[in-house]
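What follows is query.csv (CSV, C-alpha atoms).
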chain,number,residue,atom,x,y,z
E,1,MET,CA,-61.9,-22.7,6.6
E,2,MET,CA,-59.7,-19.9,8.0
E,3,ALA,CA,-60.4,-16.4,6.7
E,4,LYS,CA,-57.8,-15.2,4.2
E,5,ASP,CA,-55.5,-12.4,5.1
E,6,ASP,CA,-56.1,-9.1,3.3
E,7,TYR,CA,-53.9,-9.0,0.2
E,8,TYR,CA,-52.7,-5.5,0.9
E,9,GLU,CA,-51.6,-6.5,4.4
E,10,THR,CA,-49.9,-9.6,3.0
E,11,LEU,CA,-47.7,-7.5,0.8
E,12,GLY,CA,-47.4,-4.8,3.5
E,13,VAL,CA,-48.7,-1.9,1.3
E,14,ASP,CA,-51.5,0.7,1.5
E,15,ARG,CA,-54.7,0.2,-0.4
E,16,GLY,CA,-53.7,3.0,-2.7
E,17,ALA,CA,-50.4,1.5,-3.7
E,18,GLY,CA,-49.5,1.8,-7.4
E,19,GLU,CA,-48.0,-0.8,-9.7
E,20,ASP,CA,-44.4,0.0,-8.9
E,21,GLU,CA,-44.9,-0.1,-5.2
E,22,LEU,CA,-46.7,-3.4,-5.4
E,23,LYS,CA,-43.9,-4.9,-7.5
E,24,LYS,CA,-41.2,-3.6,-5.1
E,25,ALA,CA,-43.0,-4.9,-2.0
E,26,TYR,CA,-43.6,-8.3,-3.6
E,27,ARG,CA,-40.1,-8.7,-4.9
E,28,LYS,CA,-38.6,-7.9,-1.5
E,29,LEU,CA,-40.8,-10.4,0.4
E,30,ALA,CA,-40.6,-13.1,-2.3
E,31,MET,CA,-36.8,-13.0,-2.1
E,32,LYS,CA,-37.0,-13.5,1.6
E,33,TYR,CA,-39.5,-16.4,1.6
E,34,HIS,CA,-38.4,-18.1,-1.7
E,35,PRO,CA,-38.2,-21.9,-1.2
E,36,ASP,CA,-34.7,-21.9,-2.5
E,37,GLN,CA,-33.7,-19.6,0.3
E,38,ASN,CA,-35.7,-21.7,2.9
E,39,PRO,CA,-35.3,-25.3,1.9
E,40,ASP,CA,-37.7,-27.7,3.8
E,41,ASP,CA,-39.4,-24.8,5.5
E,42,LYS,CA,-43.1,-25.4,4.9
E,43,ALA,CA,-44.1,-22.1,6.7
E,44,ALA,CA,-41.9,-20.1,4.3
E,45,GLU,CA,-43.3,-22.0,1.3
E,46,ALA,CA,-46.9,-21.2,2.5
E,47,LYS,CA,-46.0,-17.6,3.0
E,48,PHE,CA,-44.4,-17.4,-0.5
E,49,LYS,CA,-47.6,-18.9,-2.0
E,50,ASP,CA,-49.7,-16.3,-0.2
E,51,LEU,CA,-47.5,-13.5,-1.4
E,52,SER,CA,-47.7,-14.8,-5.0
E,53,GLU,CA,-51.5,-15.1,-4.8
E,54,ALA,CA,-51.8,-11.5,-3.5
E,55,TYR,CA,-49.5,-10.1,-6.1
E,56,HIS,CA,-51.3,-12.1,-8.9
E,57,ILE,CA,-54.6,-10.5,-7.9
E,58,LEU,CA,-53.4,-6.9,-7.2
E,59,SER,CA,-51.2,-6.7,-10.3
E,60,ASP,CA,-54.1,-7.4,-12.6
E,61,PRO,CA,-56.2,-4.1,-12.9
E,62,GLU,CA,-59.5,-6.0,-13.4
E,63,LYS,CA,-59.0,-8.4,-10.5
E,64,LYS,CA,-57.7,-5.6,-8.3
E,65,ALA,CA,-60.8,-3.5,-9.0
E,66,ALA,CA,-63.0,-6.5,-8.1
E,67,TYR,CA,-61.1,-7.2,-5.0
E,68,ASP,CA,-61.2,-3.6,-3.9
E,69,GLN,CA,-65.0,-3.6,-4.2
E,70,PHE,CA,-65.9,-7.1,-3.0
E,71,GLY,CA,-62.8,-8.4,-1.2
E,72,HIS,CA,-62.2,-12.1,-1.3
E,73,ALA,CA,-65.9,-12.7,-2.1
E,74,ALA,CA,-65.1,-11.4,-5.6
E,75,PHE,CA,-63.5,-14.7,-6.4
E,76,GLU,CA,-65.9,-17.1,-4.6
E,77,GLY,CA,-68.8,-18.7,-6.3
E,78,GLY,CA,-68.2,-17.1,-9.7
E,79,ALA,CA,-68.6,-13.5,-8.5
E,80,GLY,CA,-65.4,-12.5,-10.1
E,81,GLY,CA,-64.8,-15.3,-12.5
E,82,GLN,CA,-61.5,-17.3,-12.2
E,83,GLY,CA,-59.6,-15.4,-9.6
E,84,ALA,CA,-57.5,-16.6,-6.7
E,85,GLN,CA,-59.3,-20.0,-6.6
E,86,GLY,CA,-58.4,-20.7,-10.2
E,87,PHE,CA,-54.9,-19.4,-10.0
E,88,ASP,CA,-52.5,-21.9,-11.6
E,89,PHE,CA,-49.2,-21.4,-9.8
E,90,ARG,CA,-47.3,-23.7,-12.2
E,91,SER,CA,-48.0,-21.6,-15.2
E,92,SER,CA,-49.3,-18.1,-14.6
E,93,PHE,CA,-47.0,-17.4,-11.7
E,94,SER,CA,-44.0,-18.7,-13.6
E,95,ASP,CA,-44.3,-15.8,-16.1
E,96,VAL,CA,-44.8,-13.2,-13.3
E,97,PHE,CA,-41.8,-14.5,-11.4
E,98,ASP,CA,-39.6,-14.6,-14.6
E,99,ASP,CA,-40.4,-10.9,-15.2
E,100,LEU,CA,-39.5,-9.9,-11.7
E,101,PHE,CA,-36.6,-12.1,-10.9
E,102,GLY,CA,-34.6,-12.6,-14.1
E,103,ASP,CA,-31.4,-11.6,-12.4
E,104,PHE,CA,-32.2,-13.6,-9.2
E,105,MET,CA,-32.5,-16.8,-11.2
E,106,GLY,CA,-29.2,-16.3,-13.0
E,107,GLY,CA,-29.2,-14.0,-16.0
E,108,ASN,CA,-32.3,-15.1,-18.0
E,109,GLY,CA,-34.2,-16.4,-15.0
E,110,GLY,CA,-36.8,-18.9,-15.9
E,111,ARG,CA,-37.6,-17.3,-19.3
E,112,ARG,CA,-38.7,-19.7,-22.0
E,113,GLY,CA,-37.1,-20.1,-25.3
E,114,GLY,CA,-33.6,-19.0,-24.2
E,115,GLY,CA,-31.9,-20.8,-27.1
E,116,ARG,CA,-28.3,-22.1,-27.2
E,117,GLN,CA,-25.7,-20.0,-25.4
E,118,GLY,CA,-22.7,-21.1,-27.4
E,119,GLY,CA,-19.1,-20.5,-26.2
E,120,VAL,CA,-18.1,-18.0,-23.5
E,121,ARG,CA,-17.0,-14.5,-24.6
E,122,GLY,CA,-13.3,-13.9,-24.1
E,123,ALA,CA,-12.1,-11.9,-21.1
E,124,ASP,CA,-11.2,-8.3,-21.3
E,125,LEU,CA,-7.5,-7.5,-20.7
E,126,ARG,CA,-5.7,-4.5,-19.2
E,127,TYR,CA,-2.3,-3.2,-20.2
E,128,ASN,CA,-0.5,-0.5,-18.3
E,129,LEU,CA,1.6,1.8,-20.6
E,130,GLU,CA,3.9,4.5,-19.3
E,131,ILE,CA,4.6,7.4,-21.7
E,132,THR,CA,6.6,10.6,-21.5
E,133,LEU,CA,5.2,14.1,-21.3
E,134,GLU,CA,6.6,14.7,-24.8
E,135,ASP,CA,4.7,11.7,-26.1
E,136,ALA,CA,1.5,13.1,-24.6
E,137,HIS,CA,2.2,16.5,-26.2
E,138,ALA,CA,3.0,15.2,-29.7
E,139,GLY,CA,1.2,11.9,-29.8
E,140,LYS,CA,2.8,8.7,-31.0
E,141,GLN,CA,2.4,5.1,-32.3
E,142,ALA,CA,3.3,2.7,-29.5
E,143,ARG,CA,3.9,-1.0,-30.0
E,144,VAL,CA,2.9,-3.3,-27.1
E,145,ARG,CA,3.4,-7.0,-26.5
E,146,VAL,CA,0.4,-8.6,-24.8
E,147,PRO,CA,0.3,-12.2,-23.5
E,148,THR,CA,-3.2,-13.5,-24.2
E,149,ALA,CA,-5.4,-16.4,-25.4
E,150,VAL,CA,-5.9,-16.5,-29.2
E,151,THR,CA,-8.1,-18.7,-31.4
E,152,CYS,CA,-6.5,-22.1,-32.0
E,153,GLU,CA,-5.2,-22.2,-35.5
E,154,THR,CA,-5.4,-26.0,-35.7
E,155,CYS,CA,-9.1,-26.3,-35.1
E,156,THR,CA,-10.0,-22.6,-36.0
E,157,GLY,CA,-11.6,-22.2,-32.6
E,158,THR,CA,-14.1,-25.1,-32.7
E,159,GLY,CA,-12.1,-27.2,-30.1
E,160,ALA,CA,-12.7,-30.3,-32.2
E,161,LYS,CA,-10.1,-32.5,-33.8
E,162,SER,CA,-9.5,-31.9,-37.5
E,163,GLY,CA,-12.2,-33.7,-39.6
E,164,THR,CA,-14.8,-33.7,-36.7
E,165,ARG,CA,-17.3,-31.3,-35.4
E,166,PRO,CA,-18.8,-30.6,-32.0
E,167,ALA,CA,-22.2,-32.3,-31.4
E,168,ASN,CA,-25.3,-30.9,-29.7
E,169,CYS,CA,-25.3,-31.8,-26.0
E,170,GLY,CA,-27.6,-34.7,-25.3
E,171,THR,CA,-28.6,-33.4,-21.9
E,172,CYS,CA,-29.9,-30.0,-23.0
E,173,GLY,CA,-30.5,-30.7,-26.7
E,174,GLY,CA,-28.2,-27.8,-27.6
E,175,ALA,CA,-30.0,-25.2,-25.5
E,176,GLY,CA,-27.2,-24.7,-23.0
E,177,LYS,CA,-29.8,-24.8,-20.2
E,178,VAL,CA,-32.0,-27.4,-18.4
E,179,ARG,CA,-35.3,-26.8,-16.7
E,180,ALA,CA,-36.4,-28.4,-13.5
E,181,GLN,CA,-39.7,-28.3,-11.6
E,182,GLN,CA,-39.5,-27.2,-8.0
E,183,GLY,CA,-42.7,-26.9,-6.2
E,184,PHE,CA,-45.1,-24.7,-8.2
E,185,PHE,CA,-42.5,-23.0,-10.4
E,186,THR,CA,-39.9,-23.9,-13.0
E,187,ILE,CA,-36.2,-23.2,-12.6
E,188,GLU,CA,-33.8,-22.9,-15.5
E,189,ARG,CA,-30.2,-23.6,-14.9
E,190,THR,CA,-26.9,-23.8,-16.9
E,191,CYS,CA,-26.6,-27.3,-18.3
E,192,PRO,CA,-24.1,-29.3,-16.1
E,193,THR,CA,-22.9,-31.4,-19.0
E,194,CYS,CA,-21.9,-28.8,-21.5
E,195,GLN,CA,-21.5,-25.9,-19.0
E,196,GLY,CA,-23.9,-23.8,-21.1
E,197,ALA,CA,-22.0,-24.2,-24.4
E,198,GLY,CA,-24.9,-26.3,-25.9
E,199,GLN,CA,-22.3,-28.6,-27.6
E,200,VAL,CA,-19.9,-31.4,-26.5
E,201,ILE,CA,-16.7,-32.4,-28.1
E,202,ALA,CA,-16.1,-36.2,-28.4
E,203,ASN,CA,-12.7,-35.8,-30.2
E,204,PRO,CA,-11.0,-32.7,-28.8
E,205,CYS,CA,-8.3,-30.9,-30.7
E,206,GLY,CA,-4.8,-32.0,-29.7
E,207,THR,CA,-3.4,-28.5,-29.8
E,208,CYS,CA,-5.9,-26.7,-27.6
E,209,LYS,CA,-7.3,-29.7,-25.7
E,210,GLY,CA,-10.9,-28.8,-26.8
E,211,SER,CA,-10.9,-25.2,-25.5
E,212,GLY,CA,-10.6,-23.6,-29.0
E,213,ARG,CA,-7.8,-21.3,-27.7
E,214,THR,CA,-4.1,-21.3,-27.3
E,215,HIS,CA,-1.8,-18.9,-25.4
E,216,LYS,CA,0.7,-16.6,-27.2
E,217,GLU,CA,2.1,-13.1,-27.1
E,218,LYS,CA,0.5,-10.6,-29.5
E,219,THR,CA,2.2,-7.4,-30.8
E,220,LEU,CA,-0.2,-4.5,-31.3
E,221,SER,CA,0.1,-1.0,-32.5
E,222,VAL,CA,-1.6,1.6,-30.2
E,223,ASN,CA,-2.3,5.2,-31.4
E,224,ILE,CA,-1.6,7.7,-28.6
E,225,PRO,CA,-3.5,10.9,-29.5
E,226,THR,CA,-2.1,14.3,-28.7
E,227,GLY,CA,-3.1,15.8,-25.4
E,228,VAL,CA,-3.8,12.6,-23.5
E,229,GLU,CA,-3.9,12.9,-19.7
E,230,ASP,CA,-2.6,10.7,-17.0
E,231,GLY,CA,-5.1,7.8,-16.5
E,232,THR,CA,-6.5,8.0,-20.0
E,233,ARG,CA,-8.0,4.6,-21.1
E,234,ILE,CA,-7.8,3.4,-24.7
E,235,ARG,CA,-10.1,0.6,-25.8
E,236,LEU,CA,-9.0,-1.8,-28.5
E,237,ALA,CA,-12.2,-3.7,-29.4
E,238,GLY,CA,-11.7,-7.5,-30.0
E,239,GLU,CA,-8.1,-7.5,-28.9
E,240,GLY,CA,-8.7,-9.2,-25.6
E,241,GLU,CA,-8.8,-12.9,-25.0
E,242,ALA,CA,-10.3,-15.0,-27.7
E,243,GLY,CA,-13.7,-16.5,-26.9
E,244,ALA,CA,-14.1,-20.2,-26.1
E,245,ARG,CA,-15.1,-22.3,-29.1
E,246,GLY,CA,-15.5,-19.4,-31.6
E,247,ALA,CA,-17.3,-17.0,-29.2
E,248,PRO,CA,-16.5,-13.3,-29.6
E,249,ALA,CA,-13.2,-12.0,-28.2
E,250,GLY,CA,-12.9,-9.6,-25.3
E,251,ASP,CA,-11.5,-6.1,-25.5
E,252,LEU,CA,-8.0,-4.8,-24.6
E,253,TYR,CA,-7.9,-1.7,-22.4
E,254,ILE,CA,-4.7,0.4,-22.5
E,255,PHE,CA,-4.3,2.5,-19.3
E,256,LEU,CA,-1.8,5.4,-19.8
E,257,SER,CA,0.4,6.9,-17.1
E,258,ILE,CA,2.7,9.9,-17.8
E,259,GLU,CA,6.1,9.8,-16.1
E,260,GLN,CA,7.3,12.8,-14.2
E,261,HIS,CA,9.2,15.3,-16.3
E,262,ARG,CA,12.6,16.6,-15.3
E,263,ILE,CA,11.7,20.3,-15.6
E,264,PHE,CA,8.1,20.7,-16.6
E,265,ASP,CA,5.0,20.2,-14.5
E,266,ARG,CA,1.6,19.7,-16.2
E,267,ASP,CA,-1.5,21.6,-15.0
E,268,GLY,CA,-4.4,20.5,-17.3
E,269,LEU,CA,-3.7,22.2,-20.6
E,270,HIS,CA,-1.0,24.4,-19.1
E,271,ILE,CA,2.7,23.7,-18.6
E,272,ARG,CA,4.7,25.2,-15.7
E,273,CYS,CA,8.4,25.6,-15.4
E,274,ARG,CA,10.5,26.9,-12.6
E,275,VAL,CA,13.6,28.8,-13.8
E,276,PRO,CA,16.2,30.1,-11.4
E,277,ILE,CA,17.8,33.5,-12.3
E,278,SER,CA,20.7,35.4,-10.7
E,279,MET,CA,20.2,38.3,-8.3
E,280,ILE,CA,21.9,40.6,-10.9
E,281,LYS,CA,19.5,39.6,-13.7
E,282,ALA,CA,16.5,40.1,-11.4
E,283,THR,CA,17.8,43.4,-10.3
E,284,LEU,CA,19.0,44.9,-13.6
E,285,GLY,CA,16.6,43.0,-16.0
E,286,GLY,CA,17.5,41.1,-19.1
E,287,THR,CA,16.3,38.1,-21.2
E,288,LEU,CA,16.0,34.4,-20.6
E,289,GLU,CA,16.0,31.6,-23.1
E,290,VAL,CA,13.9,28.7,-21.9
E,291,PRO,CA,13.0,25.3,-23.5
E,292,THR,CA,9.5,24.5,-24.6
E,293,LEU,CA,7.9,21.1,-24.5
E,294,GLY,CA,7.9,20.8,-28.3
E,295,GLY,CA,11.7,20.8,-28.3
E,296,GLY,CA,12.0,24.5,-29.3
E,297,ARG,CA,13.2,27.6,-27.4
E,298,ALA,CA,11.5,30.8,-26.3
E,299,ARG,CA,12.8,34.1,-25.1
E,300,VAL,CA,11.4,35.7,-21.9
E,301,THR,CA,12.0,39.4,-21.1
E,302,VAL,CA,12.7,39.9,-17.4
E,303,PRO,CA,12.1,43.5,-16.3
E,304,ALA,CA,14.4,45.2,-13.8
E,305,GLY,CA,13.3,44.6,-10.2
E,306,THR,CA,11.8,41.2,-10.8
E,307,GLN,CA,10.9,39.4,-7.6
E,308,SER,CA,11.2,35.7,-6.8
E,309,GLY,CA,8.0,33.8,-7.7
E,310,GLN,CA,7.0,36.2,-10.4
E,311,GLN,CA,5.6,34.3,-13.5
E,312,PHE,CA,5.6,35.0,-17.2
E,313,ARG,CA,3.1,33.6,-19.7
E,314,LEU,CA,4.0,32.1,-23.1
E,315,ARG,CA,0.7,31.8,-25.0
E,316,GLY,CA,0.0,28.6,-26.9
E,317,LYS,CA,3.2,26.8,-25.6
E,318,GLY,CA,1.2,24.4,-23.4
E,319,MET,CA,-0.5,21.1,-24.1
E,320,PRO,CA,-2.8,20.5,-27.1
E,321,ALA,CA,-6.5,19.9,-26.3
E,322,LEU,CA,-7.5,16.3,-26.6
E,323,HIS,CA,-9.8,15.8,-29.5
E,324,GLY,CA,-10.1,19.5,-29.8
E,325,SER,CA,-8.4,22.6,-31.1
E,326,GLY,CA,-6.0,25.0,-29.5
E,327,HIS,CA,-3.3,24.8,-26.9
E,328,GLY,CA,-2.8,25.7,-23.3
E,329,ASP,CA,-0.1,28.1,-22.2
E,330,MET,CA,3.3,27.8,-20.6
E,331,TYR,CA,4.1,29.6,-17.4
E,332,VAL,CA,7.7,30.4,-16.4
E,333,HIS,CA,8.1,30.9,-12.7
E,334,VAL,CA,11.3,32.7,-11.8
E,335,SER,CA,13.2,32.0,-8.6
E,336,VAL,CA,15.8,34.6,-7.7
E,337,GLU,CA,18.9,32.8,-6.5
E,338,THR,CA,21.1,34.2,-3.7
E,339,PRO,CA,24.8,34.2,-4.6
E,340,VAL,CA,27.0,31.7,-2.8
E,341,SER,CA,30.8,31.0,-2.5
E,342,LEU,CA,31.6,34.7,-2.9
E,343,THR,CA,35.1,36.0,-3.0
E,344,LYS,CA,36.4,38.6,-0.6
E,345,LYS,CA,36.2,41.3,-3.2
E,346,GLN,CA,32.6,40.4,-4.0
E,347,LYS,CA,31.6,40.6,-0.4
E,348,GLU,CA,33.2,44.0,-0.1
E,349,LEU,CA,31.3,45.2,-3.1
E,350,LEU,CA,28.0,44.0,-1.6
E,351,ARG,CA,28.7,45.7,1.7
E,352,GLU,CA,29.4,48.9,-0.1
E,353,PHE,CA,26.2,48.5,-2.1
E,354,GLU,CA,24.3,48.0,1.2
E,355,ASN,CA,25.9,51.0,2.8
E,356,THR,CA,25.1,53.3,-0.1
E,357,SER,CA,21.5,52.0,-0.6
E,358,LYS,CA,18.8,54.5,-0.2
E,359,SER,CA,15.3,54.1,1.1
E,360,GLY,CA,13.1,52.4,-1.4
E,361,THR,CA,15.8,50.0,-2.7
E,362,SER,CA,14.1,47.1,-1.0
E,363,PRO,CA,10.5,48.3,-0.6
E,364,GLU,CA,9.0,44.9,0.4
E,365,ALA,CA,11.5,44.4,3.2
E,366,GLU,CA,11.2,48.0,4.4
E,367,GLY,CA,7.4,47.7,4.5
E,368,PHE,CA,7.5,44.5,6.5
E,369,PHE,CA,9.9,45.8,9.2
E,370,ALA,CA,7.9,49.0,9.4
E,371,LYS,CA,4.9,46.9,10.4
E,372,VAL,CA,7.0,44.9,12.9
E,373,LYS,CA,8.2,48.2,14.4
E,374,ASP,CA,4.6,49.4,14.9
E,375,ILE,CA,3.7,46.1,16.6
E,376,TRP,CA,6.6,46.4,19.0
E,377,GLU,CA,5.6,50.0,19.8
E,378,ASP,CA,2.0,49.0,20.5
E,379,LEU,CA,3.3,46.4,22.9
E,380,LYS,CA,5.1,49.0,24.9
E,381,ASP,CA,2.0,51.1,25.5
What would the structure in this file look like if it were written as structure tokens?
Amino acid sequence: MMAKDDYYETLGVDRGAGEDELKKAYRKLAMKYHPDQNPDDKAAEAKFKDLSEAYHILSDPEKKAAYDQFGHAAFEGGAGGQGAQGFDFRSSFSDVFDDLFGDFMGGNGGRRGGGRQGGVRGADLRYNLEITLEDAHAGKQARVRVPTAVTCETCTGTGAKSGTRPANCGTCGGAGKVRAQQGFFTIERTCPTCQGAGQVIANPCGTCKGSGRTHKEKTLSVNIPTGVEDGTRIRLAGEGEAGARGAPAGDLYIFLSIEQHRIFDRDGLHIRCRVPISMIKATLGGTLEVPTLGGGRARVTVPAGTQSGQQFRLRGKGMPALHGSGHGDMYVHVSVETPVSLTKKQKELLREFENTSKSGTSPEAEGFFAKVKDIWEDLKD
């Protein structure tokens, strides 16, 4: 008889490996050498069996302790009781494999007692809704029309003709799954006859053809809270597609987008507005009357000598906080407009103003050109 490989070497781990490391190593290799992944490959099947035996011993604290002390001899001639030699791959390993590979085997893996699945849950739906910035500021009740699958009114979702009822599937006995033996383990799959529903319909409903659902357009009311942002998602539970044969309905997700405003730009909780003002108002000062997002008006005092790009803050005139208290602010950015289409008289007056201007009238321009002059002087040296 050939000597058995070391269990730790079989799994590719150190002798001090813990439970998590053992499980991770076993899962990786078992996925690689699983018979379903390597049909008709006897070498892969033998490797898979060796891996399973090694994990069976090393995952059991008592058997692992015996193996660490005596090696394979621990399970020969009764030294360690029923160990590797008495390992029943058709029963013991099935439980281990189920725990590790539930998702690999399709949801519930090979777990026992799965029970009847019933109908399939309805699909979730998405609806894109565009709103105005005013809607986001004040909130609103919006009505949307959504094409969807709804519970059939004729059969109330059972899929069966009036006066009849679905019967348990004869293939799976109503469990929705069937089990098959492959090699030394059991595989559980969705029943091919009822597709996992656990029931079959001998006399389908004439309206829905046995699906339990019909298609129609639903009108729903959606509450848009104040302060919503672009991309906000609103979930309406149970308003998605109806489930097949009485299964739960899916959900409807409303995705909000906010259309670009004509004069306002949003910056989080704040609102920004660019307001052009005349050169005269910027020079002499005065007041501006600007619109606010709520539909009102606000006065802004412009001091004499205001420069283009200067901003003024209106507290509390921004967006309301979503699910909170308080508001952001509104910022008015002034842009000084250069006069155009001047008459001959206006041009003469401006030239006279320029000729009579003293130093300091345009400090920013004077400062800039003073620096330019210094640069030119430095280049001459």
Which residues are near region 324-332 of chain E? Cut-off 7 Å, only C-alpha atoms, ignore same chain within fewer than 5 positions. Put them as a list in words.
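Contacts, with the query itself left out: Leu269, His270, Ile271, Arg272, Cys273, Arg274, Val275, Gln311, Phe312, Arg313, Leu314, Arg315, Gly316, Lys317, Gly318 and Met319 of chain E.
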Give me the residues near Leu288 (chain E) as a count of residues only, where near means some atom within 12 Å (using all atoms listed in the file) and where sequence neighbours in that chain fewer than 3 positions away do not count.
19
What's the separation between CA of Glu364 (chain E) and CA of Ser335 (chain E), in Å to one decimal place?
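Between these atoms lies a distance of 16.3 Å.
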Can you tell me, as a list of chain:residue names, what residues are no more than 8 Å from region 6-18 of chain E when counting only C-alpha atoms, ignoring any on the same chain fewer than 5 positions away?
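Within the cut-off, the hits are E:Ala25, E:Tyr26, E:Leu29, E:Asp50, E:Leu51, E:Ala54, E:Tyr55, E:Leu58.
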Using all atoms listed in the file, which of E:Asp124, E:Ile258, E:Glu62, E:Pro363 sits nearest Phe75 (chain E)?
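Of E:Asp124, E:Ile258, E:Glu62, E:Pro363, the one nearest Phe75 (chain E), counting all atoms listed in the file, is E:Glu62.
Relative to CA of Met279 (chain E), CA of Arg262 (chain E) is found at 24.0 Å.
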Residues at most 12 Å from Lys32 (chain E), counting all atoms listed in the file, excluding those fewer than 6 positions away in the same chain, as a PyMOL selection string?
chain E and resi 25-26+38-39+44-45+47-48+51+104
Selection export as a PDB file, in the coordinates of the input, atoms kept: C-alpha atoms:
ATOM      1  CA  ALA E  25     -43.000  -4.900  -2.000  1.00  0.00           C
ATOM      2  CA  TYR E  26     -43.600  -8.300  -3.600  1.00  0.00           C
ATOM      3  CA  ASN E  38     -35.700 -21.700   2.900  1.00  0.00           C
ATOM      4  CA  PRO E  39     -35.300 -25.300   1.900  1.00  0.00           C
ATOM      5  CA  ALA E  44     -41.900 -20.100   4.300  1.00  0.00           C
ATOM      6  CA  GLU E  45     -43.300 -22.000   1.300  1.00  0.00           C
ATOM      7  CA  LYS E  47     -46.000 -17.600   3.000  1.00  0.00           C
ATOM      8  CA  PHE E  48     -44.400 -17.400  -0.500  1.00  0.00           C
ATOM      9  CA  LEU E  51     -47.500 -13.500  -1.400  1.00  0.00           C
ATOM     10  CA  PHE E 104     -32.200 -13.600  -9.200  1.00  0.00           C
TER      11      PHE E 104
END
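Our summary of the geometry notes that CA of Ala123 (chain E) is positioned 6.3 Å from CA of Gly240 (chain E).
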When you count all atoms listed in the file, which of these residues is closest to Val146 (chain E): E:Trp376, E:His215, E:Gly227, E:Lys42?
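Smallest distance to Val146 (chain E) is found for E:His215.
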Restricting the calculation to all atoms listed in the file, which member of E:Leu125, E:Ile280, E:Ala65, E:Ala175 is positioned closest to Arg189 (chain E)?
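The closest residue to Arg189 (chain E) is E:Ala175.
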Near Leu236 (chain E), within 12 Å and counting all atoms listed in the file, which residues show up once chain neighbours fewer than 3 positions away are dropped, as a PyMOL selection string?
chain E and resi 124-127+220-223+233+239-241+249-255
Output for the residues just chosen: C-alpha atoms as a short mmCIF file (atom, residue, chain, number, x, y, z; two decimals), keeping the file's coordinate frame:
data_model
loop_
_atom_site.label_atom_id
_atom_site.label_comp_id
_atom_site.auth_asym_id
_atom_site.auth_seq_id
_atom_site.Cartn_x
_atom_site.Cartn_y
_atom_site.Cartn_z
CA ASP E 124 -11.20 -8.30 -21.30
CA LEU E 125 -7.50 -7.50 -20.70
CA ARG E 126 -5.70 -4.50 -19.20
CA TYR E 127 -2.30 -3.20 -20.20
CA LEU E 220 -0.20 -4.50 -31.30
CA SER E 221 0.10 -1.00 -32.50
CA VAL E 222 -1.60 1.60 -30.20
CA ASN E 223 -2.30 5.20 -31.40
CA ARG E 233 -8.00 4.60 -21.10
CA GLU E 239 -8.10 -7.50 -28.90
CA GLY E 240 -8.70 -9.20 -25.60
CA GLU E 241 -8.80 -12.90 -25.00
CA ALA E 249 -13.20 -12.00 -28.20
CA GLY E 250 -12.90 -9.60 -25.30
CA ASP E 251 -11.50 -6.10 -25.50
CA LEU E 252 -8.00 -4.80 -24.60
CA TYR E 253 -7.90 -1.70 -22.40
CA ILE E 254 -4.70 0.40 -22.50
CA PHE E 255 -4.30 2.50 -19.30
#
Ranking E:Ala237, E:Cys152, E:Ala30, E:Val340 by minimum distance to Pro204 (chain E) and counting only C-alpha atoms, which one comes first?
E:Cys152
Counting only C-alpha atoms, which of E:Ile187, E:Leu349, E:Leu256, E:Ala197 gets nearest to Thr171 (chain E)?
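Closest residue, counting only C-alpha atoms: E:Ala197.
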